[in-house]
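**Q** query-v1.cif is reproduced in full below (mmCIF, C-alpha atoms).
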```
data_work
#
loop_
_atom_site.group_PDB
_atom_site.id
_atom_site.type_symbol
_atom_site.label_atom_id
_atom_site.label_comp_id
_atom_site.auth_asym_id
_atom_site.auth_seq_id
_atom_site.Cartn_x
_atom_site.Cartn_y
_atom_site.Cartn_z
ATOM 1 C CA MET A 72 -7.867 9.769 13.234
ATOM 2 C CA SER A 73 -10.924 8.899 11.165
ATOM 3 C CA THR A 74 -12.683 5.547 11.272
ATOM 4 C CA TRP A 75 -11.143 3.049 8.915
ATOM 5 C CA ILE A 76 -14.224 2.160 6.887
ATOM 6 C CA SER A 77 -16.978 4.624 6.068
ATOM 7 C CA ARG A 78 -20.684 3.982 5.767
ATOM 8 C CA ALA A 79 -20.423 4.652 2.066
ATOM 9 C CA ALA A 80 -17.757 1.970 1.772
ATOM 10 C CA ALA A 81 -20.072 -0.586 3.350
ATOM 11 C CA VAL A 82 -22.233 -0.516 0.237
ATOM 12 C CA SER A 83 -19.272 -1.395 -1.938
ATOM 13 C CA ILE A 84 -18.552 -4.561 0.023
ATOM 14 C CA LEU A 85 -21.154 -6.204 -2.177
ATOM 15 C CA VAL A 86 -19.119 -5.121 -5.166
ATOM 16 C CA ALA A 87 -16.058 -6.972 -3.901
ATOM 17 C CA LEU A 88 -17.881 -10.240 -3.294
ATOM 18 C CA PRO A 89 -17.706 -12.640 -6.256
ATOM 19 C CA GLY A 90 -21.006 -13.421 -7.907
ATOM 20 C CA CYS A 91 -22.839 -10.339 -6.637
ATOM 21 C CA LEU A 92 -24.843 -8.188 -8.976
ATOM 22 C CA VAL A 93 -23.159 -4.862 -9.622
ATOM 23 C CA SER A 94 -25.028 -1.746 -10.696
ATOM 24 C CA PRO A 95 -24.026 0.141 -13.878
ATOM 25 C CA GLU A 96 -23.163 3.195 -11.787
ATOM 26 C CA VAL A 97 -20.469 1.216 -9.970
ATOM 27 C CA THR A 98 -19.157 -0.659 -12.995
ATOM 28 C CA ARG A 99 -18.426 2.318 -15.226
ATOM 29 C CA ARG A 100 -14.844 2.537 -13.991
ATOM 30 C CA ALA A 101 -12.412 0.169 -12.321
ATOM 31 C CA PRO A 102 -9.098 2.070 -12.371
ATOM 32 C CA GLN A 103 -5.968 0.485 -10.986
ATOM 33 C CA LYS A 104 -4.774 3.718 -9.379
ATOM 34 C CA ILE A 105 -6.093 7.069 -8.244
ATOM 35 C CA THR A 106 -4.557 10.384 -7.130
ATOM 36 C CA VAL A 107 -6.112 11.860 -3.973
ATOM 37 C CA ALA A 108 -5.563 14.356 -1.130
ATOM 38 C CA ASP A 109 -5.196 17.443 -3.313
ATOM 39 C CA ARG A 110 -3.391 15.331 -5.912
ATOM 40 C CA SER A 111 -0.554 14.680 -3.459
ATOM 41 C CA VAL A 112 -0.749 10.885 -3.046
ATOM 42 C CA ILE A 113 -1.266 8.081 -5.572
ATOM 43 C CA VAL A 114 -3.086 4.999 -4.263
ATOM 44 C CA ALA A 115 -2.793 1.684 -6.104
ATOM 45 C CA GLY A 116 -3.129 -1.911 -4.992
ATOM 46 C CA PRO A 117 -1.502 -5.268 -5.697
ATOM 47 C CA PRO A 118 -2.278 -7.081 -8.976
ATOM 48 C CA GLY A 119 -5.965 -7.908 -9.354
ATOM 49 C CA TYR A 120 -7.173 -5.041 -7.160
ATOM 50 C CA CYS A 121 -8.927 -1.972 -8.563
ATOM 51 C CA ILE A 122 -10.300 1.256 -7.101
ATOM 52 C CA ASP A 123 -13.970 1.398 -6.160
ATOM 53 C CA THR A 124 -14.588 4.996 -7.245
ATOM 54 C CA ALA A 125 -18.136 4.907 -5.864
ATOM 55 C CA ALA A 126 -16.810 4.409 -2.333
ATOM 56 C CA THR A 127 -13.762 6.682 -2.555
ATOM 57 C CA ARG A 128 -13.936 9.918 -0.585
ATOM 58 C CA ASP A 129 -11.441 12.693 -1.294
ATOM 59 C CA SER A 130 -10.668 16.192 -0.035
ATOM 60 C CA THR A 131 -7.761 18.617 -0.128
ATOM 61 C CA THR A 132 -6.422 17.309 3.187
ATOM 62 C CA GLY A 133 -7.196 13.612 3.180
ATOM 63 C CA ALA A 134 -8.912 10.703 1.511
ATOM 64 C CA PHE A 135 -10.436 7.250 1.945
ATOM 65 C CA VAL A 136 -9.973 4.730 -0.881
ATOM 66 C CA LEU A 137 -11.563 1.296 -1.160
ATOM 67 C CA LEU A 138 -10.181 -1.455 -3.404
ATOM 68 C CA GLY A 139 -11.647 -4.777 -4.440
ATOM 69 C CA SER A 140 -11.384 -7.389 -7.149
ATOM 70 C CA CYS A 141 -11.078 -5.775 -10.590
ATOM 71 C CA ALA A 142 -13.447 -8.365 -12.027
ATOM 72 C CA SER A 143 -16.149 -7.639 -9.453
ATOM 73 C CA ILE A 144 -15.817 -3.862 -9.528
ATOM 74 C CA ALA A 145 -15.786 -3.747 -13.324
ATOM 75 C CA GLY A 146 -18.609 -6.250 -13.572
ATOM 76 C CA ASN A 147 -16.421 -8.203 -15.984
ATOM 77 C CA PRO A 148 -15.645 -11.847 -15.143
ATOM 78 C CA ASN A 149 -12.741 -11.756 -17.591
ATOM 79 C CA ALA A 150 -10.984 -8.958 -15.718
ATOM 80 C CA ARG A 151 -8.134 -9.786 -13.356
ATOM 81 C CA THR A 152 -8.787 -11.076 -9.842
ATOM 82 C CA PRO A 153 -6.387 -10.997 -6.882
ATOM 83 C CA THR A 154 -4.576 -14.100 -5.698
ATOM 84 C CA ALA A 155 -5.768 -13.427 -2.145
ATOM 85 C CA PRO A 156 -9.303 -11.978 -2.304
ATOM 86 C CA ALA A 157 -9.981 -9.356 0.344
ATOM 87 C CA LEU A 158 -11.220 -5.836 0.864
ATOM 88 C CA LEU A 159 -8.412 -3.247 0.915
ATOM 89 C CA THR A 160 -8.653 0.270 2.306
ATOM 90 C CA ALA A 161 -6.262 3.202 2.294
ATOM 91 C CA SER A 162 -6.699 6.353 4.342
ATOM 92 C CA ILE A 163 -4.613 9.468 3.779
ATOM 93 C CA SER A 164 -4.357 12.227 6.382
ATOM 94 C CA PRO A 165 -1.893 14.927 7.439
ATOM 95 C CA VAL A 166 0.823 13.861 9.874
ATOM 96 C CA SER A 167 -0.078 15.490 13.178
ATOM 97 C CA PRO A 168 2.611 17.196 15.300
ATOM 98 C CA ALA A 169 2.260 14.434 17.892
ATOM 99 C CA LEU A 170 2.898 11.694 15.342
ATOM 100 C CA ALA A 171 5.734 13.652 13.750
ATOM 101 C CA THR A 172 7.777 13.336 16.944
ATOM 102 C CA ALA A 173 6.560 9.899 18.093
ATOM 103 C CA SER A 174 8.884 6.921 18.209
ATOM 104 C CA SER A 175 7.721 3.479 17.141
ATOM 105 C CA THR A 176 7.482 2.499 20.813
ATOM 106 C CA GLN A 177 5.285 5.494 21.535
ATOM 107 C CA LEU A 178 3.073 4.679 18.562
ATOM 108 C CA GLU A 179 2.655 1.124 19.791
ATOM 109 C CA SER A 180 1.726 2.406 23.250
ATOM 110 C CA PHE A 181 -0.816 4.752 21.699
ATOM 111 C CA PHE A 182 -2.591 2.031 19.738
ATOM 112 C CA ARG A 183 -2.724 -0.197 22.804
ATOM 113 C CA SER A 184 -4.311 2.638 24.788
ATOM 114 C CA ALA A 185 -8.036 3.376 24.959
ATOM 115 C CA SER A 186 -7.654 6.323 22.597
ATOM 116 C CA GLY A 187 -5.741 4.255 20.065
ATOM 117 C CA ARG A 188 -8.202 1.370 20.177
ATOM 118 C CA ALA A 189 -11.092 3.799 19.787
ATOM 119 C CA ALA A 190 -9.391 5.216 16.693
ATOM 120 C CA LEU A 191 -9.207 1.718 15.215
ATOM 121 C CA ALA A 192 -12.775 0.707 16.100
ATOM 122 C CA ARG A 193 -15.498 0.827 13.484
ATOM 123 C CA ASP A 194 -17.914 2.185 16.091
ATOM 124 C CA GLY A 195 -15.351 4.466 17.761
ATOM 125 C CA ARG A 196 -15.475 2.526 21.058
ATOM 126 C CA ALA A 197 -12.223 1.379 22.631
ATOM 127 C CA GLY A 198 -13.937 -1.656 24.146
ATOM 128 C CA SER A 199 -14.819 -2.945 20.686
ATOM 129 C CA VAL A 200 -11.195 -3.512 19.691
ATOM 130 C CA ARG A 201 -8.643 -5.963 21.021
ATOM 131 C CA ILE A 202 -5.045 -5.579 19.864
ATOM 132 C CA LEU A 203 -3.689 -9.018 18.997
ATOM 133 C CA LYS A 204 -0.245 -8.097 17.730
ATOM 134 C CA ILE A 205 1.869 -5.079 16.819
ATOM 135 C CA GLN A 206 5.080 -5.375 14.847
ATOM 136 C CA GLN A 207 7.355 -3.469 12.506
ATOM 137 C CA GLN A 208 7.478 -4.966 9.052
ATOM 138 C CA GLY A 209 8.180 -3.739 5.565
ATOM 139 C CA GLY A 210 8.926 -0.219 6.764
ATOM 140 C CA ALA A 211 5.566 0.193 8.504
ATOM 141 C CA LEU A 212 3.959 -0.332 11.874
ATOM 142 C CA TYR A 213 1.665 -3.347 11.473
ATOM 143 C CA ILE A 214 -1.289 -3.986 13.756
ATOM 144 C CA LYS A 215 -3.456 -7.080 13.994
ATOM 145 C CA ALA A 216 -6.730 -6.317 15.727
ATOM 146 C CA ARG A 217 -10.111 -7.883 16.393
ATOM 147 C CA ASP A 218 -13.137 -5.602 16.083
ATOM 148 C CA ILE A 219 -16.448 -6.700 17.592
ATOM 149 C CA SER A 220 -18.279 -3.464 16.794
ATOM 150 C CA ALA A 221 -22.014 -3.646 16.421
ATOM 151 C CA LYS A 222 -21.453 -1.812 13.148
ATOM 152 C CA SER A 223 -19.214 -4.543 11.777
ATOM 153 C CA ASP A 224 -20.122 -5.050 8.150
ATOM 154 C CA GLY A 225 -21.685 -8.377 7.189
ATOM 155 C CA GLY A 226 -19.505 -10.665 5.143
ATOM 156 C CA LEU A 227 -16.195 -9.491 6.605
ATOM 157 C CA VAL A 228 -14.047 -11.153 9.253
ATOM 158 C CA ARG A 229 -13.611 -9.401 12.582
ATOM 159 C CA GLU A 230 -9.839 -9.785 12.635
ATOM 160 C CA TYR A 231 -7.805 -7.651 10.255
ATOM 161 C CA TRP A 232 -4.289 -6.346 9.614
ATOM 162 C CA ARG A 233 -3.446 -2.672 9.275
ATOM 163 C CA GLY A 234 -0.208 -0.938 8.254
ATOM 164 C CA ILE A 235 0.749 2.649 9.074
ATOM 165 C CA PHE A 236 3.548 4.646 7.446
ATOM 166 C CA ASP A 237 4.268 8.193 6.337
ATOM 167 C CA LEU A 238 4.875 9.758 2.937
ATOM 168 C CA GLY A 239 6.308 13.216 3.397
ATOM 169 C CA ASP A 240 3.731 15.164 5.381
ATOM 170 C CA ARG A 241 1.004 12.578 4.799
ATOM 171 C CA LEU A 242 0.121 9.624 7.005
ATOM 172 C CA VAL A 243 -0.970 6.519 5.096
ATOM 173 C CA THR A 244 -3.026 3.788 6.729
ATOM 174 C CA VAL A 245 -3.667 0.599 4.752
ATOM 175 C CA SER A 246 -5.832 -2.339 5.762
ATOM 176 C CA VAL A 247 -6.522 -5.864 4.548
ATOM 177 C CA ILE A 248 -9.883 -7.320 5.593
ATOM 178 C CA GLY A 249 -10.805 -10.866 4.605
ATOM 179 C CA PHE A 250 -14.235 -12.256 3.833
ATOM 180 C CA ALA A 251 -15.993 -14.441 6.374
ATOM 181 C CA ASP A 252 -16.613 -17.226 3.865
ATOM 182 C CA ARG A 253 -13.003 -17.168 2.640
ATOM 183 C CA PRO A 254 -10.812 -15.931 5.531
ATOM 184 C CA LEU A 255 -7.164 -15.238 4.795
ATOM 185 C CA SER A 256 -4.336 -16.709 6.808
ATOM 186 C CA ASP A 257 -1.982 -14.338 8.613
ATOM 187 C CA LEU A 258 0.659 -15.177 6.026
ATOM 188 C CA ALA A 259 -1.623 -14.242 3.121
ATOM 189 C CA SER A 260 -2.871 -11.106 4.869
ATOM 190 C CA LEU A 261 0.646 -9.895 5.609
ATOM 191 C CA ALA A 262 1.824 -10.661 2.089
ATOM 192 C CA THR A 263 -1.091 -8.648 0.687
ATOM 193 C CA LEU A 264 -0.450 -5.811 3.127
ATOM 194 C CA ASP A 265 3.245 -5.763 2.192
ATOM 195 C CA ALA A 266 2.389 -5.662 -1.501
ATOM 196 C CA PHE A 267 -0.177 -2.911 -0.957
ATOM 197 C CA ALA A 268 2.220 -0.706 1.022
ATOM 198 C CA ALA A 269 5.053 -1.362 -1.437
ATOM 199 C CA ARG A 270 2.872 -0.393 -4.402
ATOM 200 C CA ILE A 271 1.877 2.894 -2.775
ATOM 201 C CA ARG A 272 5.503 3.677 -1.913
ATOM 202 C CA ALA A 273 6.585 2.889 -5.465
ATOM 203 C CA GLU A 274 3.925 5.172 -6.922
ATOM 204 C CA ASN A 275 4.987 7.968 -4.546
ATOM 205 C CA HIS A 276 8.753 7.369 -4.449
ATOM 206 C CA GLY A 277 9.518 11.096 -4.627
ATOM 207 C CA MET A 278 7.777 11.696 -1.303
ATOM 208 C CA LEU A 279 9.889 9.162 0.572
ATOM 209 C CA ALA A 280 13.049 11.257 0.238
ATOM 210 C CA SER A 281 11.267 14.270 1.736
ATOM 211 C CA SER A 282 9.776 12.442 4.719
ATOM 212 C CA THR A 283 9.325 14.813 7.654
ATOM 213 C CA ASN A 284 9.009 12.025 10.198
ATOM 214 C CA PRO A 285 12.181 9.926 10.403
ATOM 215 C CA ARG A 286 11.037 8.137 13.533
ATOM 216 C CA LEU A 287 7.914 6.737 11.938
ATOM 217 C CA PRO A 288 8.727 3.525 10.029
ATOM 218 C CA GLY A 289 8.873 4.128 6.276
#
```
Is it possible to express this structure as structure tokens?
**A**
Amino acid sequence: MSTWISRAAAVSILVALPGCLVSPEVTRRAPQKITVADRSVIVAGPPGYCIDTAATRDSTTGAFVLLGSCASIAGNPNARTPTAPALLTASISPVSPALATASSTQLESFFRSASGRAALARDGRAGSVRILKIQQQGGALYIKARDISAKSDGGLVREYWRGIFDLGDRLVTVSVIGFADRPLSDLASLATLDAFAARIRAENHGMLASSTNPRLPG
């Protein structure tokens, strides 16, 4: 499993922060949705969130998508802003054979293990991540974790929520990361995560019926 925020995405954190200067290269486009992973999955966020195309990475097998405030990404103060400002990420990857047969209990055990915590860590080190809570909600496996990686990006909180669910033969991982100067409550984070996951499911409703992994929530 790839790390959940790329080095390229770190640059775009400045884009998501209100009041920051945004370069013309970044502000040319602020789409509300994007099709990735060999045009197999549509990623879109809750109202007020737009795609940071400068930080998005796409290939035929998977993708990483970063979303922030439409107003900040577009460089337009009149554009829409989210009710709960945060940085959103979505990662798309193939469902591995191991995940395809894993129960929710087995998935929880994996993410509590050293390998699972290393997969969640920004620096790839299991010791950098502490699992605070794991629960099933909204048809996904939700994880609250604290990441103390040396590579933690300035301006973001260390605690975050992540949701994991499948769409057909694709595994979708979504995250909500708050800003250090305006941290989100658990209630706001979960509401944003629910809305994010629901929007992606709605955009890809045809894939839900063909899910190859009935044991994975979603």
**Q** Write out as a VMD selection string the residues lying within 9 Å of Ile219 (chain A), counting all atoms listed in the file and excluding same-chain residues fewer than 4 positions away.
**A** chain A and resid 192 to 193 198 to 201 223 229 to 230
**Q** Could you take the residues named above and write them with C-alpha atoms, as a PDB file, in the frame of the given file?
**A**
```
ATOM      1  CA  ALA A 192     -12.775   0.707  16.100  1.00  0.00           C
ATOM      2  CA  ARG A 193     -15.498   0.827  13.484  1.00  0.00           C
ATOM      3  CA  GLY A 198     -13.937  -1.656  24.146  1.00  0.00           C
ATOM      4  CA  SER A 199     -14.819  -2.945  20.686  1.00  0.00           C
ATOM      5  CA  VAL A 200     -11.195  -3.512  19.691  1.00  0.00           C
ATOM      6  CA  ARG A 201      -8.643  -5.963  21.021  1.00  0.00           C
ATOM      7  CA  SER A 223     -19.214  -4.543  11.777  1.00  0.00           C
ATOM      8  CA  ARG A 229     -13.611  -9.401  12.582  1.00  0.00           C
ATOM      9  CA  GLU A 230      -9.839  -9.785  12.635  1.00  0.00           C
TER      10      GLU A 230
END
```
**Q** Tell me which of A:Ala115, A:Leu191, A:Ala161, A:Ile122 sits closest to Val247 (chain A), counting all atoms listed in the file.
**A**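 With all atoms listed in the file as the atom set, the closest residue is A:Ala161.
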**Q** May I ask which of the residues A:Leu203, A:Val107, A:Ile271, A:Leu212 is the closest one to Leu238 (chain A), counting all atoms listed in the file?
**A**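 That would be A:Ile271, the residue with the smallest distance to Leu238 (chain A).
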**Q** Take the PyMOL selection byres ((chain A and resi 252) around 10), run it mentally on this structure, and tell me the resulting residues as a ChimeraX atom specification.
**A** /A:226-228,249-251,253-255
**Q** When you count all atoms listed in the file, which of these residues is closest to Asp129 (chain A): A:Ala169, A:Ala197, A:Ala145, A:Ile163?
**A**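 Closest candidate: A:Ile163.
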**Q** Just so the selection is clear, what residues does the PyMOL selection byres ((chain A and resi 156) around 8) cover here, as a list in words?
**A**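 Here the PyMOL selection byres ((chain A and resi 156) around 8) matches Gly139, Ser140, Thr152, Pro153, Thr154, Ala155, Ala157, Leu158, Gly249 and Phe250 of chain A.
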**Q** So what do you get for CA of Gly187 (chain A) versus CA of Pro165 (chain A), distance-wise?
**A** 17.0 Å
**Q** Give me, as number ranges by chain, all polymer residues having an atom no more than 7 Å from Ser162 (chain A), counting all atoms listed in the file and skipping those fewer than 2 positions away in the same chain.
**A** A: 134-136, 160, 164, 243-245
**Q** Could you tell me how far CA of Ser111 (chain A) sits from CA of Thr263 (chain A), in Å to one decimal place?
**A**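 Between these atoms lies a distance of 23.7 Å.
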**Q** For the file shown, report as a PyMOL selection string the outcome of the PyMOL selection byres ((chain A and resi 113) around 10) at residue level.
**A** chain A and resi 104-108+110-112+114-115+270-275
**Q** Quick one, how far is CA of Arg128 (chain A) from CA of Ala262 (chain A)?
**A**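 CA of Ala262 (chain A) lies 26.1 Å from CA of Arg128 (chain A).
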**Q** Leaving out Ala101 (chain A) and any residue of its chain fewer than 5 positions from it, which residues lie within 10 Å of it when counting all atoms listed in the file, given as number ranges by chain?
**A** A: 120-125, 138-147, 150
**Q** Which residue is closest to Thr132 (chain A)? Choose from A:Ile214, A:Ala173, A:Ile235, A:Leu242 and count all atoms listed in the file.
**A**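 Among A:Ile214, A:Ala173, A:Ile235, A:Leu242, it is A:Leu242 that comes nearest to Thr132 (chain A).
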**Q** Between A:Gly210, A:Ser260, A:Pro148, A:Thr176, single out the one closest to Tyr231 (chain A), counting all atoms listed in the file.
**A**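 Between A:Gly210, A:Ser260, A:Pro148, A:Thr176, the residue approaching Tyr231 (chain A) most closely is A:Ser260.
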**Q** Counting all atoms listed in the file, find residues at most 9 Å from (7.7, 0.1, 6.0) (file frame) and give them as an MDAnalysis selection string.
**A** chainID A and resid 207:213 234:237 265 268:269 272 287:289
**Q** Could you write region 156-178 of chain A as a compact mmCIF listing (two decimals), in the frame of the given file, with N, CA and C atoms rebuilt where they are missing?
**A**
```
# COMPACT_ATOMS: atom_id res chain seq x y z
N PRO A 156 -8.17 -12.90 -2.29
CA PRO A 156 -9.30 -11.98 -2.30
C PRO A 156 -9.57 -11.37 -0.93
N ALA A 157 -9.72 -10.06 -0.90
CA ALA A 157 -9.98 -9.36 0.34
C ALA A 157 -10.51 -7.97 0.00
N LEU A 158 -10.87 -7.24 1.01
CA LEU A 158 -11.22 -5.84 0.86
C LEU A 158 -10.02 -5.02 1.35
N LEU A 159 -9.54 -4.09 0.54
CA LEU A 159 -8.41 -3.25 0.92
C LEU A 159 -8.90 -1.82 1.11
N THR A 160 -8.35 -1.14 2.11
CA THR A 160 -8.65 0.27 2.31
C THR A 160 -7.36 1.05 2.48
N ALA A 161 -7.39 2.29 2.07
CA ALA A 161 -6.26 3.20 2.29
C ALA A 161 -6.83 4.53 2.75
N SER A 162 -6.31 5.04 3.83
CA SER A 162 -6.70 6.35 4.34
C SER A 162 -5.49 7.27 4.33
N ILE A 163 -5.69 8.49 3.85
CA ILE A 163 -4.61 9.47 3.78
C ILE A 163 -5.00 10.65 4.65
N SER A 164 -4.09 11.08 5.52
CA SER A 164 -4.36 12.23 6.38
C SER A 164 -3.05 12.95 6.67
N PRO A 165 -3.12 14.21 7.09
CA PRO A 165 -1.89 14.93 7.44
C PRO A 165 -1.22 14.28 8.65
N VAL A 166 0.09 14.34 8.70
CA VAL A 166 0.82 13.86 9.87
C VAL A 166 0.71 14.91 10.96
N SER A 167 0.10 14.54 12.09
CA SER A 167 -0.08 15.49 13.18
C SER A 167 1.25 15.76 13.87
N PRO A 168 1.37 16.90 14.56
CA PRO A 168 2.61 17.20 15.30
C PRO A 168 2.99 16.10 16.29
N ALA A 169 1.98 15.49 16.92
CA ALA A 169 2.26 14.43 17.89
C ALA A 169 2.89 13.22 17.22
N LEU A 170 2.34 12.84 16.06
CA LEU A 170 2.90 11.69 15.34
C LEU A 170 4.26 12.01 14.76
N ALA A 171 4.47 13.26 14.38
CA ALA A 171 5.73 13.65 13.75
C ALA A 171 6.92 13.47 14.67
N THR A 172 6.69 13.48 15.97
CA THR A 172 7.78 13.34 16.94
C THR A 172 7.71 12.01 17.71
N ALA A 173 6.75 11.15 17.35
CA ALA A 173 6.56 9.90 18.09
C ALA A 173 7.52 8.82 17.61
N SER A 174 8.06 8.08 18.55
CA SER A 174 8.88 6.92 18.21
C SER A 174 7.96 5.73 17.94
N SER A 175 8.52 4.68 17.40
CA SER A 175 7.72 3.48 17.14
C SER A 175 7.16 2.91 18.44
N THR A 176 7.95 2.98 19.51
CA THR A 176 7.48 2.50 20.81
C THR A 176 6.31 3.32 21.31
N GLN A 177 6.39 4.63 21.12
CA GLN A 177 5.28 5.49 21.54
C GLN A 177 4.03 5.25 20.71
N LEU A 178 4.22 4.99 19.42
CA LEU A 178 3.07 4.68 18.56
C LEU A 178 2.40 3.38 19.00
```
